[in-house]
>>> print(open('coords32.cif').read())   # mmCIF, C-alpha atoms
data_run
loop_
_atom_site.label_atom_id
_atom_site.label_comp_id
_atom_site.auth_asym_id
_atom_site.auth_seq_id
_atom_site.Cartn_x
_atom_site.Cartn_y
_atom_site.Cartn_z
CA MET A 278 38.90 17.40 -18.38
CA ILE A 279 36.81 17.15 -15.26
CA ASP A 280 36.87 20.32 -13.23
CA ASN A 281 37.26 20.49 -9.48
CA TYR A 282 33.60 21.25 -8.75
CA THR A 283 32.51 17.97 -10.31
CA TYR A 284 35.01 16.15 -8.14
CA ILE A 285 33.68 17.83 -5.02
CA ILE A 286 30.05 17.09 -5.85
CA ILE A 287 30.71 13.41 -6.56
CA ILE A 288 32.83 12.99 -3.43
CA ALA A 289 30.12 14.73 -1.36
CA LEU A 290 27.77 11.88 -2.25
CA LEU A 291 29.87 9.59 -0.05
CA PRO A 292 29.18 11.25 3.35
CA LEU A 293 25.56 11.75 2.25
CA SER A 294 24.97 8.03 1.78
CA ALA A 295 27.02 7.26 4.90
CA LEU A 296 24.67 9.45 6.96
CA MET A 297 21.68 7.69 5.41
CA LEU A 298 23.20 4.39 6.50
CA VAL A 299 23.87 5.56 10.06
CA PHE A 300 20.33 6.85 10.61
CA GLN A 301 18.62 3.73 9.31
CA VAL A 302 17.14 1.52 12.06
CA ASN A 303 15.79 -1.47 10.17
CA PRO A 304 18.69 -3.94 9.67
CA TYR A 305 17.64 -5.10 6.19
CA HIS A 306 17.12 -1.57 4.92
CA ALA A 307 20.48 -0.64 6.38
CA LEU A 308 22.11 -3.47 4.45
CA VAL A 309 20.61 -2.30 1.15
CA ILE A 310 21.85 1.23 1.89
CA ARG A 311 25.27 -0.23 2.69
CA ALA A 312 25.25 -1.69 -0.82
CA ILE A 313 24.40 1.78 -2.21
CA LEU A 314 27.29 3.22 -0.20
CA GLY A 315 29.58 0.56 -1.68
CA ALA A 316 28.55 1.46 -5.23
CA ILE A 317 29.12 5.18 -4.64
CA SER A 318 32.48 4.64 -2.95
CA ALA A 319 33.60 2.44 -5.86
CA LEU A 320 32.79 5.37 -8.15
CA VAL A 321 34.78 7.76 -5.96
CA TYR A 322 37.80 5.44 -5.85
CA ALA A 323 37.74 5.05 -9.63
CA LEU A 324 37.42 8.82 -10.02
CA LEU A 325 40.52 9.35 -7.89
CA GLY A 326 42.40 6.82 -10.01
CA ALA A 327 42.46 3.75 -7.76
CA ALA A 328 40.94 1.11 -10.03
CA ASP A 329 42.07 -1.84 -7.90
CA VAL A 330 40.54 -0.40 -4.73
CA ALA A 331 37.29 0.25 -6.59
CA LEU A 332 37.14 -3.34 -7.81
CA THR A 333 37.78 -4.69 -4.31
CA GLU A 334 35.14 -2.41 -2.80
CA ALA A 335 32.54 -3.47 -5.33
CA LEU A 336 33.21 -7.19 -5.14
CA VAL A 337 33.98 -7.66 -1.44
CA GLY A 338 32.35 -4.66 0.23
CA THR A 339 29.15 -4.61 -1.76
CA MET A 340 28.55 -8.17 -2.88
CA LEU A 341 30.15 -10.53 -0.41
CA ALA A 342 29.76 -8.60 2.84
CA VAL A 343 26.14 -7.60 2.23
CA THR A 344 25.11 -11.11 1.17
CA LEU A 345 26.77 -12.72 4.18
CA TYR A 346 25.26 -10.12 6.52
CA VAL A 347 21.78 -10.72 5.11
CA ILE A 348 22.18 -14.43 5.80
CA ALA A 349 23.49 -13.76 9.32
CA VAL A 350 20.74 -11.30 10.23
CA ARG A 351 18.09 -13.55 8.73
CA SER A 352 19.10 -16.49 10.89
CA SER A 353 19.63 -14.54 14.11
CA LEU A 354 16.76 -12.03 14.22
CA VAL A 355 14.03 -14.65 14.29
CA MET A 356 11.52 -15.99 16.80
CA ARG A 357 10.83 -19.67 16.29
CA LEU A 358 7.38 -20.65 17.47
CA GLY A 359 6.61 -24.34 17.80
CA ILE A 360 3.04 -25.35 17.00
CA LEU A 361 1.12 -28.59 16.69
CA LYS A 362 0.34 -29.79 13.22
CA GLU A 363 -3.40 -30.26 13.63
CA SER A 364 -3.95 -26.82 15.10
CA GLU A 365 -3.25 -25.30 11.73
CA VAL A 366 -5.43 -27.78 9.91
CA GLU A 367 -8.37 -26.74 12.02
CA ALA A 368 -7.63 -23.17 10.90
CA GLU A 369 -9.51 -21.53 13.69
CA SER A 370 -9.91 -17.83 13.49
CA TYR A 371 -8.47 -17.48 16.98
CA PHE A 372 -5.26 -19.15 15.97
CA THR A 373 -4.67 -17.06 12.86
CA GLU A 374 -5.54 -13.96 14.85
CA LEU A 375 -3.03 -14.96 17.52
CA ILE A 376 -0.30 -15.51 14.94
CA SER A 377 -0.98 -12.20 13.24
CA SER A 378 -0.97 -10.28 16.52
CA LEU A 379 2.29 -11.99 17.53
CA ARG A 380 3.71 -10.97 14.18
CA LYS A 381 2.59 -7.39 14.71
CA VAL A 382 4.33 -7.22 18.09
CA ILE A 383 7.65 -8.66 16.99
CA ASN A 384 7.72 -6.72 13.73
CA LYS A 385 8.19 -3.62 15.86
CA TYR A 386 11.48 -5.09 17.01
CA HIS A 387 12.48 -6.06 13.43
CA LEU A 388 12.15 -9.73 14.26
CA ARG A 389 10.61 -12.42 12.09
CA LEU A 390 8.19 -15.14 13.15
CA GLU A 391 8.99 -18.63 11.98
CA LEU A 392 6.42 -21.36 12.56
CA VAL A 393 7.82 -24.83 13.21
CA GLU A 394 5.34 -27.69 13.07
CA TYR A 395 5.55 -30.73 15.30
CA PRO A 396 3.43 -33.88 15.04
CA ASN A 397 2.44 -34.28 18.69
CA LEU A 398 2.64 -32.68 22.12
CA PRO A 399 5.67 -34.62 23.51
CA ALA A 400 7.73 -33.69 20.45
CA LEU A 401 6.75 -30.06 20.96
CA GLU A 402 7.79 -30.08 24.61
CA ALA A 403 11.02 -31.89 23.78
CA ALA A 404 11.81 -29.25 21.17
CA LEU A 405 11.40 -26.53 23.79
CA GLU A 406 13.66 -28.45 26.17
CA GLU A 407 16.29 -28.99 23.49
CA LYS A 408 16.21 -25.26 22.62
CA GLU A 409 15.12 -25.92 19.06
CA VAL A 410 12.37 -23.30 19.36
CA HIS A 411 12.07 -20.11 21.39
CA ALA A 412 8.42 -20.56 22.27
CA VAL A 413 5.63 -23.09 21.91
CA CYS A 414 1.97 -22.39 21.42
CA THR A 415 -0.44 -25.09 22.53
CA LYS A 416 -4.10 -25.47 23.22
CA GLN A 417 -4.98 -25.68 26.85
CA LYS A 418 -6.15 -29.06 28.02
CA LYS A 419 -9.88 -29.53 28.13
CA LEU A 420 -9.97 -30.76 31.72
CA GLU A 421 -8.00 -27.82 33.00
CA LEU A 422 -10.24 -25.52 31.05
CA LEU A 423 -13.37 -27.04 32.54
CA GLN A 424 -12.03 -26.65 36.05
CA ARG A 425 -11.23 -23.04 35.38
CA ASN A 426 -14.66 -22.43 33.99
CA ARG A 427 -16.21 -23.71 37.16
CA ASN A 428 -14.15 -21.28 39.23
CA THR A 429 -14.25 -18.14 37.14
CA ALA A 430 -16.47 -17.35 34.24
CA THR A 431 -13.99 -15.00 32.61
CA ASP A 432 -11.55 -17.68 31.62
CA VAL A 433 -13.77 -19.17 28.96
CA ARG A 434 -12.02 -17.36 26.14
CA GLN A 435 -8.51 -18.40 27.17
CA THR A 436 -7.89 -21.31 24.87
CA TYR A 437 -4.19 -21.07 24.08
CA ASN A 438 -1.08 -21.20 26.17
CA THR A 439 2.19 -19.77 24.92
CA ALA A 440 5.30 -20.85 26.76
CA ILE A 441 8.36 -18.71 26.08
CA ARG A 442 11.88 -19.72 27.00
CA VAL A 443 13.73 -16.48 26.24
CA HIS A 444 13.23 -13.91 28.99
CA ARG A 445 13.53 -10.81 26.83
CA LEU A 446 10.90 -12.15 24.42
CA PHE A 447 8.65 -12.88 27.38
CA GLU A 448 9.01 -9.31 28.62
CA ILE A 449 8.16 -7.93 25.19
CA MET A 450 5.14 -10.17 24.83
CA GLN A 451 3.89 -9.46 28.34
CA SER A 452 3.99 -5.73 27.85
CA GLU A 453 2.78 -5.51 24.27
CA LEU A 454 0.69 -8.53 23.31
CA ALA A 455 -2.93 -7.50 23.75
CA PHE A 456 -4.67 -10.74 22.95
CA PRO A 457 -7.02 -12.20 25.54
CA GLU A 458 -7.23 -15.71 24.09
CA THR A 459 -3.78 -16.74 25.18
CA THR A 460 -1.92 -16.99 28.45
CA LEU A 461 1.79 -16.33 28.59
CA THR A 462 4.15 -18.36 30.70
CA TYR A 463 7.89 -18.11 31.10
CA VAL A 464 9.73 -21.40 31.36
CA THR A 465 13.32 -21.77 32.39
CA VAL A 466 15.08 -24.49 30.49
CA PRO A 467 18.11 -25.89 32.31
CA ASN A 468 21.39 -25.70 30.50
CA MET A 469 21.81 -29.31 29.48
CA GLU A 470 25.19 -28.97 27.86
CA GLU A 471 27.52 -31.53 29.35
CA LYS A 472 30.92 -30.40 30.51
CA HIS A 473 33.79 -32.51 29.32
CA MET B 283 24.41 12.52 -14.50
CA ILE B 284 25.10 13.54 -10.91
CA LEU B 285 21.60 15.00 -10.60
CA ALA B 286 20.20 11.75 -12.02
CA LEU B 287 22.19 9.91 -9.36
CA LEU B 288 20.59 12.03 -6.64
CA ILE B 289 17.07 10.90 -7.57
CA PRO B 290 17.44 7.22 -6.53
CA ILE B 291 19.43 8.28 -3.44
CA TYR B 292 16.49 10.40 -2.32
CA GLU B 293 14.12 7.56 -3.15
CA ALA B 294 16.16 5.11 -1.05
CA TRP B 295 16.18 7.56 1.82
CA GLN B 296 12.48 8.34 2.06
CA ASP B 297 10.81 5.09 1.01
CA ASP B 298 10.08 2.41 3.60
CA ASP B 299 9.49 -0.50 1.24
CA ILE B 300 12.55 -2.71 0.91
CA TRP B 301 11.84 -3.45 -2.76
CA GLN B 302 11.86 0.26 -3.57
CA LYS B 303 15.24 0.44 -1.84
CA MET B 304 16.53 -2.48 -3.92
CA LEU B 305 15.28 -0.73 -7.04
CA ALA B 306 17.13 2.43 -6.03
CA PHE B 307 20.24 0.36 -5.37
CA ALA B 308 20.06 -1.22 -8.83
CA SER B 309 19.71 2.22 -10.38
CA ILE B 310 22.64 3.65 -8.42
CA ALA B 311 24.91 0.66 -9.08
CA THR B 312 24.32 0.82 -12.82
CA LYS B 313 24.71 4.59 -12.93
CA THR B 314 27.98 4.61 -11.04
CA ALA B 315 29.40 1.89 -13.30
CA ILE B 316 28.42 3.87 -16.40
CA MET B 317 30.01 6.99 -14.90
CA MET B 318 33.21 5.02 -14.33
CA LEU B 319 33.16 3.94 -17.97
CA LEU B 320 32.75 7.58 -18.97
CA ILE B 321 35.70 8.59 -16.79
CA SER B 322 37.84 5.84 -18.28
CA VAL B 323 37.05 7.08 -21.81
CA LEU B 324 37.77 10.71 -20.85
CA ARG B 325 41.10 9.81 -19.30
CA ASP B 326 41.95 7.11 -21.81
CA ASP B 327 42.67 4.80 -18.87
CA TRP B 328 41.97 1.17 -19.72
CA SER B 329 42.31 -0.24 -16.20
CA ILE B 330 39.40 1.85 -14.91
CA GLY B 331 37.35 0.78 -17.91
CA VAL B 332 37.95 -2.90 -17.23
CA VAL B 333 37.00 -2.41 -13.58
CA ALA B 334 33.82 -0.60 -14.63
CA VAL B 335 32.79 -3.42 -16.95
CA ILE B 336 33.41 -6.01 -14.22
CA ILE B 337 31.38 -4.00 -11.70
CA LEU B 338 28.57 -3.56 -14.21
CA SER B 339 28.29 -7.27 -14.94
CA VAL B 340 29.07 -8.83 -11.55
CA GLY B 341 27.10 -6.18 -9.66
CA ASN B 342 23.92 -7.28 -11.38
CA ALA B 343 24.60 -10.88 -10.37
CA GLY B 344 25.09 -9.75 -6.78
CA LEU B 345 21.82 -7.85 -6.95
CA MET B 346 19.98 -11.01 -8.04
CA LEU B 347 21.53 -12.94 -5.14
CA LEU B 348 20.50 -10.26 -2.64
CA ALA B 349 16.98 -10.13 -4.07
CA HIS B 350 16.60 -13.91 -3.70
CA LEU B 351 17.70 -13.79 -0.06
CA ILE B 352 15.29 -10.96 0.75
CA LYS B 353 12.44 -12.67 -1.11
CA GLN B 354 12.84 -15.85 0.94
CA LEU B 355 12.72 -13.90 4.15
CA ASN B 356 9.60 -11.90 3.43
CA PHE B 357 7.28 -14.73 2.53
CA ASN B 358 8.21 -17.24 5.18
#
>>> encode(input="coords32.cif", output="structure tokens")
Amino acid sequence: MIDNYTYIIIIALLPLSALMLVFQVNPYHALVIRAILGAISALVYALLGAADVALTEALVGTMLAVTLYVIAVRSSLVMRLGILKESEVEAESYFTELISSLRKVINKYHLRLELVEYPNLPALEAALEEKEVHAVCTKQKKLELLQRNRNTATDVRQTYNTAIRVHRLFEIMQSELAFPETTLTYVTVPNMEEKH
Amino acid sequence: MILALLIPIYEAWQDDDIWQKMLAFASIATKTAIMMLLISVLRDDWSIGVVAVIILSVGNAGLMLLAHLIKQLNFN
């Protein structure tokens, strides 16, 4: 009924899609291609007469595994940036520019930027201490700014301070973030987990 | 049918937009299920036919689930 050449062509689709999957760098794109691979392999299994294997591949390999992996990647490949609530209300152009340039930098590493709002400064600092966020972005204090202005005239434009707690993120930002309006600082947060 | 299957595979390979990839995935999933139905008719094998129908219906539900997850992540 079906000649051997048809078999060979359909089975050759399997290594083709597997190679596509291996050479994909973006994790989300790779997951969609993994779903494509699952669909094709279900076809191949059914073609070779293994209906039960095909059903398992389609339900578990394509649906369940891909969905769970999307959830896992979504919650792990993220940079949480803590901000103050009023700074967004003011909607300064500097701030939106800063956020978009941050986004541009971390998009290269397939990360996402998630903004977490906090009502006041102590809550923001506490969140950084408690490891709820990876970095906080705050306005520099006026007094400090004035003192700096007296010393050097170039610091007038530096209005934001971004404190990062993860060292790898700090390295990435230091080398790639070209935005003069913010200063970058690396803070070490002590491991506050109590030993029982 | 195999040539028609190659078109969305090429599309998924060369396009960088994730929604285009999802579209290609939907096309491939439906096409493979229809091909399985065809095989089951040719061989007069009911078990493959039942599996093909299940994949055709549940696969679309899985696609919707995946699309919702990806949609949430892009606009946050």
>>> residues_around(input="coords32.cif", residues="Asn438 in chain A", least_positions_apart="5", cutoff="8 Å", atoms="all atoms listed in the file", output="PDB file with C-alpha atoms, keeping the file's coordinate frame")
ATOM      1  CA  CYS A 414       1.970 -22.390  21.420  1.00  0.00           C
ATOM      2  CA  THR A 415      -0.440 -25.090  22.530  1.00  0.00           C
ATOM      3  CA  LYS A 416      -4.100 -25.470  23.220  1.00  0.00           C
ATOM      4  CA  GLN A 417      -4.980 -25.680  26.850  1.00  0.00           C
ATOM      5  CA  THR A 459      -3.780 -16.740  25.180  1.00  0.00           C
ATOM      6  CA  THR A 460      -1.920 -16.990  28.450  1.00  0.00           C
ATOM      7  CA  LEU A 461       1.790 -16.330  28.590  1.00  0.00           C
ATOM      8  CA  THR A 462       4.150 -18.360  30.700  1.00  0.00           C
TER       9      THR A 462
END
>>> resolve_selection(input="coords32.cif", expression="the PyMOL selection byres ((chain B and resi 307) around 9)", output="list in words")
Val309, Ile310, Ala312, Ile313 and Ala316 of chain A; Pro290, Ile291, Ala294, Gln302, Lys303, Met304, Leu305, Ala306, Ala308, Ser309, Ile310, Ala311, Thr312 and Leu345 of chain B
>>> closest_residue(input="coords32.cif", among="B:Leu287, B:Gln354, B:Asp297, B:Thr314", to="chain A", atoms="only C-alpha atoms")
B:Thr314
>>> interface_residues(input="coords32.cif", of="chain A", to="chain B", cutoff="10 Å", atoms="only C-alpha atoms", output="VMD selection string")
chain A and resid 278 to 279 283 286 to 287 290 293 to 294 297 to 298 300 to 301 303 305 to 324 326 to 336 339 to 341 343 to 345 347 to 348 351 to 352 389 to 392
>>> resolve_selection(input="coords32.cif", expression="the PyMOL selection byres ((chain A and resi 401-405) around 9)", output="JSON, numbers by chain")
{"A": [359, 360, 361, 394, 395, 396, 397, 398, 399, 400, 406, 407, 408, 409, 410, 411, 412, 413, 415, 440, 441, 442, 466]}
>>> atom_distance(input="coords32.cif", atom1="CA of Met356 in chain A", atom2="CA of Tyr463 in chain A")
14.9 Å
>>> atom_distance(input="coords32.cif", atom1="CA of Val393 in chain A", atom2="CA of Thr439 in chain A")
13.9 Å
>>> atom_distance(input="coords32.cif", atom1="CA of Ile449 in chain A", atom2="CA of Pro304 in chain A")
19.2 Å
